[in-house]
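*Asks:* Provided herewith is a single structure, encoded as structure tokens, for subsequent inquiry.
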Amino acid sequence: AQSVTQLGSHVSVSEGALVLLRCNYSSSVPPYLFWYVQYPNQGLQLLLKYTSAATLVKGINGFEAEFKKSETSFHLTKPSAHMSDAAEYFCAVRKFGNEKLTFGTGTRLTIIP
Amino acid sequence: GAGVSQTPSNKVTEKGKYVELRCDPISGHTALYWYRQSLGQGPEFLIYFQGTGAADDSGLPNDRFFAVRPEGSVSTLKIQRTERGDSAVYLCASSLSVGGALNEQFFGPGTRLTVL
């Protein structure tokens with residue numbers, strides 16, 4: 001079965017600092033990979049997705065993620081954190097030919113002024 | 001355009017009661033998904049519909065849970081004989097189609113179910 005591991009349930013960074021949220025997947029075949037953001041009392045919003053077209057994926061709000069097959073990782077980064085980035089972030093995978101998403105346990109990002 | 005909507009936004013019920021949770025997908029979306037998010041966890045897949053039929057219900061935890069989508073649009077998740085462990089946020093998502101890299105699931109705000 002596929003699984004997703006997000007290291008660090010809570011991450012705090014200073015405003016303007018680099019954001020790095022970690023995600024590792026377990027799958028013999030690289031799946032589709034996603035990052036979602038969830039603001040309080042709102043639905044999940046897609047930040048970006050990897051679909052095998054390019055290993056470096058750019059998303060909304062200045063976020064990007066790099067797929068590294070050798071490390072089975074899909075870490076999310078943003079060069080400079082903004083106060084509005086404070087939210088919960090979820091990594092998810094979807095297997096080829098399967099429609100259901102499997103989510104990690106999430107990382108709550110706090111931005112320190 | 002309108003996104004995925006879910007009603008009610010909050011539902012409080014007593015143990016043993018029956019509840020129904022409703023999801024209105026984005027107009028024209030053929031696929032609809034239900035997920036459950038417990039406190040401190042990521043969403044867990046329950047069931048998905050392609051049109052009116054349940055294409056994959058492997059995530060439903062037991063036979064107390066049932067979902068329908070009779071006309072291929074609105075869906076209702078039904079929970080019988082609720083238990084305290086059913087307390088969670090129930091998320092609905094829809095997508096334009098299924099299969100392939102471009103299938104993006106759009107999520108609603110969820111229904112928070114509390115079983116006392």
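Note on naming: chains are A, B, ... as they come in the structure tokens, residues start from 1 per chain, ligands start from 1 in the order shown.
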Pull the strand (DSSP E) assignments for chain B out of DSSP run on the backbone, and list those residues as a PyMOL selection string.

*Replies:* chain B and resi 5-7+10-13+19-24+31-37+44-50+53-56+65-68+75-79+88-95+106-107+111-115

*Asks:* If we count only C-alpha atoms and set the cut-off at 9 Å, which residues sit around region 28-37 of chain A, ignoring sequence neighbours fewer than 6 positions away in its own chain? Please answer as an NGL selection string.

*Replies:* (:A and (2 or 43-52 or 65 or 67 or 69 or 72 or 74 or 76 or 87-96 or 101)) or (:B and (101))

*Asks:* Env of Cys23 (chain B): 9 Å cut, atoms = only C-alpha atoms, seq-sep filter 3 positions within chain, self excluded. Answer as a compact mmCIF listing (two decimals) with all heavy atoms, in the first residue's frame.

*Replies:*
# COMPACT_ATOMS: atom_id res chain seq x y z
N VAL B 4 -17.29 23.64 -4.56
CA VAL B 4 -17.99 22.54 -3.91
C VAL B 4 -18.60 23.06 -2.61
O VAL B 4 -17.91 23.73 -1.84
CB VAL B 4 -17.01 21.39 -3.61
CG1 VAL B 4 -17.73 20.26 -2.87
CG2 VAL B 4 -16.38 20.88 -4.90
N SER B 5 -19.86 22.77 -2.42
CA SER B 5 -20.50 23.20 -1.17
C SER B 5 -20.97 21.99 -0.38
O SER B 5 -21.34 20.96 -0.95
CB SER B 5 -21.66 24.15 -1.44
OG SER B 5 -22.67 23.50 -2.19
N GLN B 6 -20.94 22.15 0.93
CA GLN B 6 -21.34 21.05 1.82
C GLN B 6 -22.26 21.60 2.91
O GLN B 6 -22.03 22.68 3.45
CB GLN B 6 -20.11 20.41 2.48
CG GLN B 6 -19.21 19.69 1.50
CD GLN B 6 -18.08 18.97 2.19
OE1 GLN B 6 -16.91 19.31 2.01
NE2 GLN B 6 -18.43 17.95 2.98
N THR B 7 -23.29 20.84 3.17
CA THR B 7 -24.21 21.22 4.24
C THR B 7 -24.55 20.01 5.10
O THR B 7 -24.62 18.89 4.60
CB THR B 7 -25.51 21.80 3.66
OG1 THR B 7 -26.08 20.87 2.73
CG2 THR B 7 -25.26 23.13 2.99
N LEU B 32 -17.07 12.45 -7.94
CA LEU B 32 -17.28 13.03 -6.61
C LEU B 32 -16.67 12.10 -5.57
O LEU B 32 -16.80 10.87 -5.67
CB LEU B 32 -18.78 13.20 -6.35
CG LEU B 32 -19.19 13.89 -5.04
CD1 LEU B 32 -20.46 14.72 -5.25
CD2 LEU B 32 -19.35 12.92 -3.91
N TRP B 34 -15.61 11.40 -1.29
CA TRP B 34 -15.79 11.67 0.14
C TRP B 34 -14.52 11.25 0.88
O TRP B 34 -13.98 10.15 0.65
CB TRP B 34 -16.97 10.91 0.72
CG TRP B 34 -18.32 11.46 0.37
CD1 TRP B 34 -19.18 11.01 -0.60
CD2 TRP B 34 -18.99 12.55 1.02
NE1 TRP B 34 -20.34 11.76 -0.60
CE2 TRP B 34 -20.25 12.70 0.38
CE3 TRP B 34 -18.67 13.41 2.08
CZ2 TRP B 34 -21.17 13.68 0.77
CZ3 TRP B 34 -19.58 14.37 2.46
CH2 TRP B 34 -20.82 14.50 1.81
N SER B 73 -25.19 14.10 -9.52
CA SER B 73 -24.72 15.43 -9.13
C SER B 73 -24.55 15.47 -7.61
O SER B 73 -23.51 15.08 -7.11
CB SER B 73 -25.71 16.49 -9.60
OG SER B 73 -25.30 17.78 -9.17
N VAL B 74 -25.59 15.87 -6.90
CA VAL B 74 -25.53 15.95 -5.44
C VAL B 74 -25.31 14.55 -4.84
O VAL B 74 -25.84 13.55 -5.35
CB VAL B 74 -26.83 16.55 -4.89
CG1 VAL B 74 -26.91 16.43 -3.38
CG2 VAL B 74 -26.95 18.00 -5.33
N SER B 75 -24.54 14.51 -3.78
CA SER B 75 -24.32 13.24 -3.08
C SER B 75 -24.65 13.41 -1.60
O SER B 75 -24.51 14.50 -1.03
CB SER B 75 -22.87 12.80 -3.22
OG SER B 75 -22.61 11.62 -2.48
N THR B 76 -25.10 12.32 -1.00
CA THR B 76 -25.39 12.31 0.43
C THR B 76 -24.63 11.17 1.07
O THR B 76 -24.69 10.03 0.61
CB THR B 76 -26.90 12.12 0.69
OG1 THR B 76 -27.65 13.12 0.01
CG2 THR B 76 -27.19 12.22 2.19
N LEU B 77 -23.91 11.49 2.13
CA LEU B 77 -23.24 10.48 2.94
C LEU B 77 -24.12 10.22 4.15
O LEU B 77 -24.51 11.15 4.86
CB LEU B 77 -21.86 10.98 3.39
CG LEU B 77 -21.04 10.04 4.29
CD1 LEU B 77 -20.66 8.78 3.53
CD2 LEU B 77 -19.79 10.75 4.80
N LEU B 91 -15.11 15.61 4.33
CA LEU B 91 -14.78 16.44 3.19
C LEU B 91 -15.33 15.82 1.91
O LEU B 91 -15.26 14.61 1.73
CB LEU B 91 -13.26 16.59 3.05
CG LEU B 91 -12.54 17.28 4.21
CD1 LEU B 91 -11.03 17.13 4.04
CD2 LEU B 91 -12.91 18.74 4.30
N CYS B 92 -15.80 16.67 1.06
CA CYS B 92 -16.27 16.25 -0.26
C CYS B 92 -15.40 16.94 -1.30
O CYS B 92 -14.96 18.09 -1.11
CB CYS B 92 -17.72 16.63 -0.44
SG CYS B 92 -18.41 16.21 -2.06
N ALA B 93 -15.13 16.25 -2.38
CA ALA B 93 -14.37 16.83 -3.49
C ALA B 93 -15.02 16.41 -4.80
O ALA B 93 -15.72 15.39 -4.85
CB ALA B 93 -12.91 16.38 -3.45
N GLY B 108 -14.51 20.84 -0.91
CA GLY B 108 -15.41 21.71 -0.20
C GLY B 108 -14.87 22.03 1.18
O GLY B 108 -13.82 21.49 1.59
N GLY B 110 -16.10 21.24 4.04
CA GLY B 110 -16.28 20.16 5.02
C GLY B 110 -17.48 20.35 5.91
O GLY B 110 -18.02 21.45 6.08

*Asks:* Please build the interface table for chain B against chain A with a cut-off of 12 Å, listing for each qualifying residue the nearest atom pair and the distance in Å to one decimal; count only C-alpha atoms, order rows by chain and increasing number, and write it as a tab-separated table.

*Replies:*
residue	atom	partner	partner_atom	distance
B:Gly3	CA	A:Gly43	CA	10.0
B:Val4	CA	A:Gly43	CA	9.1
B:Ser5	CA	A:Gly43	CA	9.8
B:Gln6	CA	A:Gly43	CA	10.3
B:Ser9	CA	A:Asn41	CA	9.7
B:Asn10	CA	A:Asn41	CA	11.1
B:Ala31	CA	A:Glu99	CA	9.5
B:Leu32	CA	A:Glu99	CA	10.3
B:Tyr33	CA	A:Lys100	CA	8.1
B:Trp34	CA	A:Lys100	CA	9.6
B:Tyr35	CA	A:Leu101	CA	9.2
B:Arg36	CA	A:Phe103	CA	11.0
B:Gln37	CA	A:Thr105	CA	9.8
B:Ser38	CA	A:Thr105	CA	10.0
B:Leu39	CA	A:Thr105	CA	10.0
B:Gly40	CA	A:Thr105	CA	7.0
B:Gln41	CA	A:Thr105	CA	4.7
B:Gly42	CA	A:Thr105	CA	4.4
B:Pro43	CA	A:Phe103	CA	6.1
B:Glu44	CA	A:Thr102	CA	6.8
B:Phe45	CA	A:Lys100	CA	6.4
B:Leu46	CA	A:Lys100	CA	8.8
B:Ile47	CA	A:Lys100	CA	8.3
B:Tyr48	CA	A:Lys100	CA	7.7
B:Phe49	CA	A:Glu99	CA	10.0
B:Gln50	CA	A:Glu99	CA	10.2
B:Ala55	CA	A:Glu99	CA	9.4
B:Asp56	CA	A:Lys100	CA	8.5
B:Asp57	CA	A:Lys100	CA	10.2
B:Ser58	CA	A:Lys100	CA	9.9
B:Gly59	CA	A:Lys100	CA	9.4
B:Val89	CA	A:Asn41	CA	10.5
B:Tyr90	CA	A:Gly43	CA	10.6
B:Leu91	CA	A:Gly43	CA	7.9
B:Cys92	CA	A:Gly43	CA	9.1
B:Ala93	CA	A:Leu44	CA	9.2
B:Ser94	CA	A:Glu99	CA	11.2
B:Ser95	CA	A:Glu99	CA	10.1
B:Ser97	CA	A:Glu99	CA	10.0
B:Val98	CA	A:Glu99	CA	6.8
B:Gly99	CA	A:Gly97	CA	6.2
B:Gly100	CA	A:Phe96	CA	7.5
B:Ala101	CA	A:Thr51	CA	5.5
B:Leu102	CA	A:Thr51	CA	8.0
B:Asn103	CA	A:Glu99	CA	8.4
B:Glu104	CA	A:Leu46	CA	8.2
B:Gln105	CA	A:Leu46	CA	8.3
B:Phe106	CA	A:Gln45	CA	7.2
B:Phe107	CA	A:Gly43	CA	5.5
B:Gly108	CA	A:Gly43	CA	5.1
B:Pro109	CA	A:Gly43	CA	3.9
B:Gly110	CA	A:Gly43	CA	6.6
B:Thr111	CA	A:Asn41	CA	10.1
B:Arg112	CA	A:Asn41	CA	9.9

*Asks:* Which residues come within 7 Å of Val19 (chain B), counting only C-alpha atoms, excluding same-chain residues fewer than 3 positions away, as a list of chain:residue names?

*Replies:* B:Lys78, B:Ile79, B:Gln80

*Asks:* So that I can check the secondary structure, give me every residue of chain A assigned helix (DSSP H, G or I) by backbone DSSP, as a compact mmCIF listing (two decimals) with N, CA and C atoms, in the first residue's frame.

*Replies:*
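Once everything was written out, this is part-v6.txt:
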# COMPACT_ATOMS: atom_id res chain seq x y z
N ILE A 60 1.26 27.74 -6.89
CA ILE A 60 0.74 29.07 -6.59
C ILE A 60 1.45 29.66 -5.37
N ASN A 61 1.31 30.96 -5.20
CA ASN A 61 1.83 31.66 -4.03
C ASN A 61 3.34 31.53 -3.84
N GLY A 62 4.07 31.29 -4.91
CA GLY A 62 5.53 31.24 -4.84
C GLY A 62 6.11 29.92 -4.36
N LYS A 69 13.36 11.01 -7.38
CA LYS A 69 13.05 9.59 -7.36
C LYS A 69 14.02 8.81 -6.49
N SER A 70 15.30 9.17 -6.54
CA SER A 70 16.31 8.42 -5.78
C SER A 70 16.08 8.54 -4.27
N GLU A 71 15.45 9.63 -3.87
CA GLU A 71 15.19 9.85 -2.46
C GLU A 71 13.72 9.61 -2.11
N MET A 83 3.58 36.17 6.05
CA MET A 83 2.65 35.89 7.14
C MET A 83 1.42 35.11 6.65
N SER A 84 1.00 35.39 5.44
CA SER A 84 -0.19 34.73 4.90
C SER A 84 0.03 33.25 4.58
N ASP A 85 1.27 32.77 4.68
CA ASP A 85 1.56 31.36 4.43
C ASP A 85 1.22 30.47 5.62

*Asks:* For Pro70 (chain B), list every protein, DNA or RNA residue within 7 Å, evaluated using only C-alpha atoms, and leave out those in the same chain fewer than 2 positions away; present the list as a ChimeraX atom specification.

*Replies:* /B:52,68,72

*Asks:* Pull N, CA, C and O atoms from the residues just selected and write them as a short mmCIF file (atom, residue, chain, number, x, y, z; two decimals), in the first residue's frame.

*Replies:*
data_model
loop_
_atom_site.label_atom_id
_atom_site.label_comp_id
_atom_site.auth_asym_id
_atom_site.auth_seq_id
_atom_site.Cartn_x
_atom_site.Cartn_y
_atom_site.Cartn_z
N THR B 52 -23.36 8.20 -11.42
CA THR B 52 -24.27 7.78 -10.35
C THR B 52 -23.74 6.60 -9.55
O THR B 52 -24.22 6.32 -8.45
N VAL B 68 -24.82 7.92 -1.50
CA VAL B 68 -25.57 7.82 -2.76
C VAL B 68 -25.35 9.06 -3.59
O VAL B 68 -25.00 10.14 -3.07
N GLY B 72 -26.33 11.73 -10.28
CA GLY B 72 -25.00 12.05 -10.79
C GLY B 72 -24.51 13.44 -10.48
O GLY B 72 -23.52 13.90 -11.05
#

*Asks:* Nearest to Leu21 (chain B): which of B:Ala2, B:Ala67, B:Leu96, B:Gly51 is it, counting only C-alpha atoms?

*Replies:* B:Ala67

*Asks:* Near Lys17 (chain B), counting only C-alpha atoms, which residues have an atom at most 8 Å away, once you skip same-chain residues fewer than 4 positions from it, shown as a PyMOL selection string?

*Replies:* chain B and resi 13+80-82
